[in-house]
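Participant: Starting off with a structure, shown below.
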Amino acid sequence: MAKDKDKVKVLVIDDDPKVAWILSEGLSSAFEFVTARDGVEGIQMVSTEKPMLVLLDIKMPGMSGLEVLEKLNKQNGRPEVIMISGHGDTKYVVESMRLGAAEFIDKPFDVREVEIHLNGVLERVKLRDQVSELKKELQVHNDFTSFIGDSEPMVRVKGIIEQVADSELSVLIRGESGTGKEIAARSLHQLSGRRDQPFVKVNCAAIPRDLLESELFGYEKGAFTGAHKTKQGRFELANKGTIFLDEIGDMPMELQSKLLQVLEQQEFVRVGGIQNIRVDVRIICATNRNLEQAINGQQFRDDLFYRLNEITLLLPPLRDRTDDIALLAEHFRRKYNQLYNKDYPSLSEDTLGQLTGFRWPGNVRQLENMVKQVVVRSDEQLIGELINSASNQLIGHGIGSSPMASAAPVEAAVESNSNDYSLKSLIGKTVAQEEKRLIAEVLTKTNWNRRKAAELLQISYRSLLYKIKDYSLNTTK
Ligand SMILES: Nc1ncnc2c1ncn2[C@@H]1O[C@H](COP(=O)(O)OP(=O)(O)OP(=O)(O)O)[C@@H](O)[C@H]1O
Ligand SMILES: [Mg+2]
């Protein structure tokens with residue numbers, strides 16, 4: 001038998017006490033019945049008892065069931081109402097339904113029949129709640145006005161997004177993990193003429209190598225064991241829209257050639273197929289790998305790099321745009337209040353000060369997680385604890401003399417043997433140099449424990465291995 005608190009509370013509004021008594025006798029294992037003897041008491045008990053369902057008699061002395069229903073309709077978020085009538089009078093059915101009653105039961109009733117009705121309505125309530133939760137989540141995800149930041153570097157990034165969104169130029173988005181590369185890609189799509197067409201994301205690092213080709217380009221029936229029917233690839237699914245190739249640096253060389261061909265010709269053949277398929281797809285890529293290094297190390301095709309990189313969008317690390325921190329924290333506070341039906345108040349000046357002073361190795365994602373925990377657990381003290389433990393982890397490994405301070409100054413000179421004097425390329429190289437220095441430092445401190453180092457650097461183990469290779473970091477261990 002369910003415990004009282006797990007039972008579904010049902011309010012019976014009926015002048016005949018036998019009704020509630022019969023139901024309690026027959027259905028008490030899953031339901032808890034409370035009773036009101038007339039409409040006035042019933043309306044009051046809807047507020048005080050907060051029942052999940054109401055069983056409402058139509059014919060009562062004083063206020064009729066239909067009048068009660070009309071009054072309940074004026075309240076915010078009333079429970080579902082099932083009408084009962086002792087007269088089998090069908091003329092009330094239509095009126096009850098018009099007023100939004102969920103079901104209609106005739107007296108005398110069979111208890112099992114009532115049980116079926118109650119469970120049916122409950123199922124519908126549950127479904128409706130799930131749908132509204134999903135809608136809420138979707139709204140949070142799709143809210144592109146929520147690409148937050150009005151610091152100087154972010155204003156520049158947003159300016160570029162606005163300028164190039166509605167062009168066909170391929171955009172390569174770069175930046176450390178958690179800086180907002182995906183959200184930038186989605187903004188580019190939303191601001192383009194393709195916004196009503198699909199946005200298809202492919203994470204090249206998450207799909208096993210041998211599946212990536214058929215995932216991207218689809219396959220014909222019988223192309224390989226298990227290919228029972230023809231399947232469209234993501235490029236076809238993205239037709240007329242945008243494809244977002246995330247972690248493009250992790251794409252195997254063999255596939256890079258095919259991708260380049262597709263980009264040049266706008267057509268391809270499914271795996272195991274012969275027919276050319278034409279698509280019209282805008283391409284956006286992202287990576288936190290150093291692709292120039294990967295090109296030097298023969299892991300990335302330079303011709304593909306130039307084709308993908310018609311425009312570079314470099315997302316600055318959060319420590320370089322501290323002006324955005326309070327704004328982002330406030331945005332995430334609202335987001336999680338809404339998502340979890342909370343009402344957590346604005347963060348104090350003190351807490352904001354702590355947030356602004358932190359170095360944020362995991363960038364915006366790390367800030368988002370912190371604020372989410374504060375809202376979910378309704379405890380602002382957590383910020384201090386979380387920041388301290390993150391700082392101690394870094395100090396424990398002797399990384400950065402003061403993790404609470406902003407980023408260490410970047411070494412000035414950048415080795416350059418090219419004639420490329422652009423500021424953009426300087427920034428790219430400087431970031432790379434700083435990244436290399438930090439990774440080397442973490443690896444030394446963790447005694448080349450790569451898993452531990454990846455954890456501290458807040459990047460995936462696989463990304464770390466690539467970076468070690470890209471930067472030619474050597475170990476004797
Ligand atoms: N400017 C921003 N405004 C609002 N939310 C942001 C912003 N930047 C990042 N976020 C949020 O931070 C989280 C991480 O962002 P995103 O996934 O876009 O980062 P990323 O650069 O793709 O990271 P990774 O390299 O690890 O894939 C997401 O939940 C995203 O919504
Ligand atoms: Mg991402």
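Residue names in the structure tokens use chain letters A, B, ... in the order shown, residue numbers from 1 in each chain, and ligand numbers from 1 in the order shown.
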Using only C-alpha atoms and all ligand atoms, determine which residues fall within 7 Å of ligand 2, then list them as a VMD selection string.
Facilitator: chain A and resid 177 to 178 180 to 182 246
Participant: Using only C-alpha atoms and all ligand atoms, which protein or nucleic acid residues are at most 8 Å from ligand 1, as a ChimeraX atom specification?
Facilitator: /A:141,146-149,154,174-184,246-247,286-288,315,328,331-332,363-368,459
Participant: Which value, in Å to one decimal, gives the distance between atom CA of A:Leu212 and atom CA of A:Gly362?
Facilitator: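 Between atom CA of A:Leu212 and atom CA of A:Gly362 the gap works out to 27.7 Å.
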Participant: Hey, can you check how far atom CA of A:Leu191 sits from atom CA of A:Leu314?
Facilitator: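 One can read the atom CA of A:Leu191 to atom CA of A:Leu314 distance as 18.2 Å.
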Participant: Give me the residues within 8 Å of A:Ile58 as a ChimeraX atom specification, counting only C-alpha atoms and dropping any in the same chain fewer than 6 places off.
Facilitator: /A:64-66,83-85
Participant: Please identify all polymer residues within 12 Å of A:Arg186, counting only C-alpha atoms, omitting same-chain residues fewer than 6 positions from it, and present them as a ChimeraX atom specification.
Facilitator: /A:141-147,161,165,171,173,180,192,194-195,198-201,241-246,283-286
Participant: Could you write out that same residue set with N, CA and C atoms as a PDB file, in the first residue's frame?
Facilitator:
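What landed in selection.pdb:
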ATOM      1  N   HIS A 141      16.885  26.894 -24.102  1.00  0.00           N
ATOM      2  CA  HIS A 141      17.932  26.587 -25.058  1.00  0.00           C
ATOM      3  C   HIS A 141      17.874  27.459 -26.298  1.00  0.00           C
ATOM      4  N   ASN A 142      16.637  27.799 -26.687  1.00  0.00           N
ATOM      5  CA  ASN A 142      16.482  28.494 -27.950  1.00  0.00           C
ATOM      6  C   ASN A 142      16.530  30.002 -27.828  1.00  0.00           C
ATOM      7  N   ASP A 143      16.752  30.459 -26.644  1.00  0.00           N
ATOM      8  CA  ASP A 143      16.695  31.888 -26.434  1.00  0.00           C
ATOM      9  C   ASP A 143      18.017  32.511 -26.865  1.00  0.00           C
ATOM     10  N   PHE A 144      18.056  32.921 -28.138  1.00  0.00           N
ATOM     11  CA  PHE A 144      19.350  33.377 -28.645  1.00  0.00           C
ATOM     12  C   PHE A 144      19.687  34.799 -28.252  1.00  0.00           C
ATOM     13  N   THR A 145      18.697  35.455 -27.671  1.00  0.00           N
ATOM     14  CA  THR A 145      19.051  36.759 -27.156  1.00  0.00           C
ATOM     15  C   THR A 145      19.945  36.540 -25.935  1.00  0.00           C
ATOM     16  N   SER A 146      20.064  35.269 -25.506  1.00  0.00           N
ATOM     17  CA  SER A 146      20.840  35.008 -24.296  1.00  0.00           C
ATOM     18  C   SER A 146      22.305  34.703 -24.600  1.00  0.00           C
ATOM     19  N   PHE A 147      22.825  35.252 -25.687  1.00  0.00           N
ATOM     20  CA  PHE A 147      24.274  35.174 -25.898  1.00  0.00           C
ATOM     21  C   PHE A 147      24.825  36.415 -25.191  1.00  0.00           C
ATOM     22  N   ILE A 161      29.723  38.384 -35.773  1.00  0.00           N
ATOM     23  CA  ILE A 161      28.609  37.450 -35.997  1.00  0.00           C
ATOM     24  C   ILE A 161      27.525  38.132 -36.833  1.00  0.00           C
ATOM     25  N   ALA A 165      26.761  36.590 -40.465  1.00  0.00           N
ATOM     26  CA  ALA A 165      25.710  35.573 -40.302  1.00  0.00           C
ATOM     27  C   ALA A 165      24.962  35.310 -41.598  1.00  0.00           C
ATOM     28  N   VAL A 171      32.561  29.643 -41.390  1.00  0.00           N
ATOM     29  CA  VAL A 171      33.127  30.276 -40.199  1.00  0.00           C
ATOM     30  C   VAL A 171      33.796  29.220 -39.331  1.00  0.00           C
ATOM     31  N   ILE A 173      35.081  28.671 -35.634  1.00  0.00           N
ATOM     32  CA  ILE A 173      34.996  29.278 -34.304  1.00  0.00           C
ATOM     33  C   ILE A 173      36.059  28.646 -33.410  1.00  0.00           C
ATOM     34  N   GLY A 180      31.850  29.270 -25.253  1.00  0.00           N
ATOM     35  CA  GLY A 180      30.592  29.608 -25.934  1.00  0.00           C
ATOM     36  C   GLY A 180      30.641  29.402 -27.439  1.00  0.00           C
ATOM     37  N   SER A 192      20.885  34.134 -39.648  1.00  0.00           N
ATOM     38  CA  SER A 192      21.029  33.989 -41.100  1.00  0.00           C
ATOM     39  C   SER A 192      19.658  33.776 -41.737  1.00  0.00           C
ATOM     40  N   ARG A 194      18.818  31.306 -43.128  1.00  0.00           N
ATOM     41  CA  ARG A 194      18.508  29.880 -43.025  1.00  0.00           C
ATOM     42  C   ARG A 194      17.834  29.530 -41.706  1.00  0.00           C
ATOM     43  N   ARG A 195      17.466  30.534 -40.918  1.00  0.00           N
ATOM     44  CA  ARG A 195      17.017  30.286 -39.533  1.00  0.00           C
ATOM     45  C   ARG A 195      15.829  29.336 -39.423  1.00  0.00           C
ATOM     46  N   PRO A 198      16.933  23.514 -40.930  1.00  0.00           N
ATOM     47  CA  PRO A 198      17.593  22.792 -39.823  1.00  0.00           C
ATOM     48  C   PRO A 198      18.988  23.321 -39.461  1.00  0.00           C
ATOM     49  N   PHE A 199      19.308  23.211 -38.174  1.00  0.00           N
ATOM     50  CA  PHE A 199      20.676  23.412 -37.684  1.00  0.00           C
ATOM     51  C   PHE A 199      21.104  22.035 -37.184  1.00  0.00           C
ATOM     52  N   VAL A 200      22.084  21.449 -37.870  1.00  0.00           N
ATOM     53  CA  VAL A 200      22.457  20.076 -37.519  1.00  0.00           C
ATOM     54  C   VAL A 200      23.868  20.070 -36.946  1.00  0.00           C
ATOM     55  N   LYS A 201      23.976  19.562 -35.730  1.00  0.00           N
ATOM     56  CA  LYS A 201      25.295  19.546 -35.082  1.00  0.00           C
ATOM     57  C   LYS A 201      25.905  18.151 -35.164  1.00  0.00           C
ATOM     58  N   GLY A 241      19.908  24.277 -44.676  1.00  0.00           N
ATOM     59  CA  GLY A 241      20.195  24.864 -43.367  1.00  0.00           C
ATOM     60  C   GLY A 241      21.694  24.959 -43.124  1.00  0.00           C
ATOM     61  N   THR A 242      22.064  24.738 -41.868  1.00  0.00           N
ATOM     62  CA  THR A 242      23.461  24.874 -41.455  1.00  0.00           C
ATOM     63  C   THR A 242      23.932  23.580 -40.828  1.00  0.00           C
ATOM     64  N   ILE A 243      25.155  23.182 -41.154  1.00  0.00           N
ATOM     65  CA  ILE A 243      25.737  22.050 -40.434  1.00  0.00           C
ATOM     66  C   ILE A 243      26.844  22.603 -39.544  1.00  0.00           C
ATOM     67  N   PHE A 244      26.861  22.162 -38.297  1.00  0.00           N
ATOM     68  CA  PHE A 244      27.871  22.633 -37.353  1.00  0.00           C
ATOM     69  C   PHE A 244      28.776  21.459 -37.025  1.00  0.00           C
ATOM     70  N   LEU A 245      30.012  21.504 -37.548  1.00  0.00           N
ATOM     71  CA  LEU A 245      30.969  20.430 -37.288  1.00  0.00           C
ATOM     72  C   LEU A 245      31.806  20.823 -36.077  1.00  0.00           C
ATOM     73  N   ASP A 246      31.429  20.252 -34.937  1.00  0.00           N
ATOM     74  CA  ASP A 246      32.109  20.594 -33.695  1.00  0.00           C
ATOM     75  C   ASP A 246      33.353  19.721 -33.563  1.00  0.00           C
ATOM     76  N   ILE A 283      28.298  25.888 -43.770  1.00  0.00           N
ATOM     77  CA  ILE A 283      29.116  25.126 -42.845  1.00  0.00           C
ATOM     78  C   ILE A 283      29.774  26.027 -41.788  1.00  0.00           C
ATOM     79  N   ILE A 284      29.631  25.579 -40.557  1.00  0.00           N
ATOM     80  CA  ILE A 284      30.291  26.271 -39.438  1.00  0.00           C
ATOM     81  C   ILE A 284      31.061  25.202 -38.660  1.00  0.00           C
ATOM     82  N   CYS A 285      32.298  25.503 -38.312  1.00  0.00           N
ATOM     83  CA  CYS A 285      33.091  24.525 -37.564  1.00  0.00           C
ATOM     84  C   CYS A 285      33.582  25.146 -36.277  1.00  0.00           C
ATOM     85  N   ALA A 286      33.932  24.287 -35.335  1.00  0.00           N
ATOM     86  CA  ALA A 286      34.531  24.789 -34.099  1.00  0.00           C
ATOM     87  C   ALA A 286      35.629  23.845 -33.648  1.00  0.00           C
TER      88      ALA A 286
END
Participant: Would you list the contacts of A:Gly100 as a PDB file with all heavy atoms, in the first residue's frame, taking every protein, DNA or RNA residue within 10 Å and counting only C-alpha atoms, but skipping same-chain residues closer than 4 positions in sequence?
Facilitator:
ATOM      1  N   LEU A  69     -17.580  24.871 -10.927  1.00  0.00           N
ATOM      2  CA  LEU A  69     -16.564  24.739 -11.981  1.00  0.00           C
ATOM      3  C   LEU A  69     -16.249  26.103 -12.599  1.00  0.00           C
ATOM      4  O   LEU A  69     -15.075  26.434 -12.844  1.00  0.00           O
ATOM      5  CB  LEU A  69     -17.062  23.758 -13.042  1.00  0.00           C
ATOM      6  CG  LEU A  69     -16.094  23.399 -14.165  1.00  0.00           C
ATOM      7  CD1 LEU A  69     -14.756  22.925 -13.613  1.00  0.00           C
ATOM      8  CD2 LEU A  69     -16.686  22.327 -15.075  1.00  0.00           C
ATOM      9  N   GLU A  70     -17.290  26.885 -12.832  1.00  0.00           N
ATOM     10  CA  GLU A  70     -17.091  28.215 -13.399  1.00  0.00           C
ATOM     11  C   GLU A  70     -16.197  29.058 -12.493  1.00  0.00           C
ATOM     12  O   GLU A  70     -15.297  29.765 -12.955  1.00  0.00           O
ATOM     13  CB  GLU A  70     -18.445  28.909 -13.566  1.00  0.00           C
ATOM     14  CG  GLU A  70     -18.786  29.096 -15.018  1.00  0.00           C
ATOM     15  CD  GLU A  70     -20.147  29.746 -15.212  1.00  0.00           C
ATOM     16  OE1 GLU A  70     -21.050  29.491 -14.380  1.00  0.00           O
ATOM     17  OE2 GLU A  70     -20.283  30.499 -16.174  1.00  0.00           O
ATOM     18  N   ASN A  73     -12.610  27.927 -12.535  1.00  0.00           N
ATOM     19  CA  ASN A  73     -11.932  28.324 -13.767  1.00  0.00           C
ATOM     20  C   ASN A  73     -11.280  29.696 -13.652  1.00  0.00           C
ATOM     21  O   ASN A  73     -10.350  30.014 -14.389  1.00  0.00           O
ATOM     22  CB  ASN A  73     -12.928  28.358 -14.934  1.00  0.00           C
ATOM     23  CG  ASN A  73     -13.153  26.969 -15.499  1.00  0.00           C
ATOM     24  OD1 ASN A  73     -12.390  26.059 -15.207  1.00  0.00           O
ATOM     25  ND2 ASN A  73     -14.205  26.806 -16.277  1.00  0.00           N
ATOM     26  N   GLU A  80      -7.614  19.232 -12.178  1.00  0.00           N
ATOM     27  CA  GLU A  80      -8.552  18.646 -13.145  1.00  0.00           C
ATOM     28  C   GLU A  80      -9.839  18.254 -12.425  1.00  0.00           C
ATOM     29  O   GLU A  80      -9.805  17.817 -11.270  1.00  0.00           O
ATOM     30  CB  GLU A  80      -7.934  17.403 -13.791  1.00  0.00           C
ATOM     31  CG  GLU A  80      -6.814  17.709 -14.763  1.00  0.00           C
ATOM     32  CD  GLU A  80      -7.275  18.504 -15.988  1.00  0.00           C
ATOM     33  OE1 GLU A  80      -8.479  18.495 -16.299  1.00  0.00           O
ATOM     34  OE2 GLU A  80      -6.419  19.156 -16.618  1.00  0.00           O
ATOM     35  N   VAL A  81     -10.972  18.426 -13.102  1.00  0.00           N
ATOM     36  CA  VAL A  81     -12.266  18.175 -12.463  1.00  0.00           C
ATOM     37  C   VAL A  81     -13.028  17.084 -13.220  1.00  0.00           C
ATOM     38  O   VAL A  81     -13.121  17.120 -14.450  1.00  0.00           O
ATOM     39  CB  VAL A  81     -13.108  19.476 -12.457  1.00  0.00           C
ATOM     40  CG1 VAL A  81     -14.513  19.203 -11.902  1.00  0.00           C
ATOM     41  CG2 VAL A  81     -12.414  20.563 -11.643  1.00  0.00           C
ATOM     42  N   ILE A  82     -13.523  16.101 -12.453  1.00  0.00           N
ATOM     43  CA  ILE A  82     -14.366  15.052 -13.034  1.00  0.00           C
ATOM     44  C   ILE A  82     -15.785  15.261 -12.487  1.00  0.00           C
ATOM     45  O   ILE A  82     -15.970  15.353 -11.270  1.00  0.00           O
ATOM     46  CB  ILE A  82     -13.850  13.653 -12.636  1.00  0.00           C
ATOM     47  CG1 ILE A  82     -12.410  13.467 -13.136  1.00  0.00           C
ATOM     48  CG2 ILE A  82     -14.773  12.558 -13.166  1.00  0.00           C
ATOM     49  CD1 ILE A  82     -11.741  12.206 -12.646  1.00  0.00           C
ATOM     50  N   VAL A  94     -22.463  18.368 -22.094  1.00  0.00           N
ATOM     51  CA  VAL A  94     -21.906  19.341 -23.026  1.00  0.00           C
ATOM     52  C   VAL A  94     -21.428  20.584 -22.282  1.00  0.00           C
ATOM     53  O   VAL A  94     -20.306  21.071 -22.487  1.00  0.00           O
ATOM     54  CB  VAL A  94     -22.970  19.739 -24.084  1.00  0.00           C
ATOM     55  CG1 VAL A  94     -22.414  20.787 -25.012  1.00  0.00           C
ATOM     56  CG2 VAL A  94     -23.429  18.514 -24.829  1.00  0.00           C
ATOM     57  N   GLU A  95     -22.254  21.063 -21.340  1.00  0.00           N
ATOM     58  CA  GLU A  95     -21.921  22.270 -20.600  1.00  0.00           C
ATOM     59  C   GLU A  95     -20.653  22.040 -19.746  1.00  0.00           C
ATOM     60  O   GLU A  95     -19.761  22.889 -19.687  1.00  0.00           O
ATOM     61  CB  GLU A  95     -23.121  22.668 -19.704  1.00  0.00           C
ATOM     62  CG  GLU A  95     -22.983  23.974 -18.964  1.00  0.00           C
ATOM     63  CD  GLU A  95     -22.734  25.188 -19.868  1.00  0.00           C
ATOM     64  OE1 GLU A  95     -22.792  25.053 -21.108  1.00  0.00           O
ATOM     65  OE2 GLU A  95     -22.423  26.266 -19.317  1.00  0.00           O
ATOM     66  N   SER A  96     -20.582  20.855 -19.098  1.00  0.00           N
ATOM     67  CA  SER A  96     -19.395  20.551 -18.276  1.00  0.00           C
ATOM     68  C   SER A  96     -18.145  20.533 -19.135  1.00  0.00           C
ATOM     69  O   SER A  96     -17.106  21.043 -18.755  1.00  0.00           O
ATOM     70  CB  SER A  96     -19.493  19.171 -17.610  1.00  0.00           C
ATOM     71  OG  SER A  96     -20.758  18.952 -17.113  1.00  0.00           O
TER      72      SER A  96
END
Participant: I need the residue nearest A:Thr35 from this list: A:Gly120, A:Gly77, A:Pro51, A:Gly233. Use only C-alpha atoms for the distance.
Facilitator: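 Checking each candidate against A:Thr35, we get A:Pro51 as the closest.
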Participant: A:Ala329: which residues within 10 Å, counting only C-alpha atoms, same-chain residues fewer than 2 positions away excluded, as a PyMOL selection string?
Facilitator: chain A and resi 148+324-327+331-335+346-347+352+355+364+367-368+370-372
Participant: Skip stretch 270-282 of chain A itself and residues of its chain fewer than 6 positions away, then list as a ChimeraX atom specification all residues within 9 Å of it, counting only C-alpha atoms.
Facilitator: /A:168-170,189,194,213-214,216-224,231-233,235-236,238-244,263
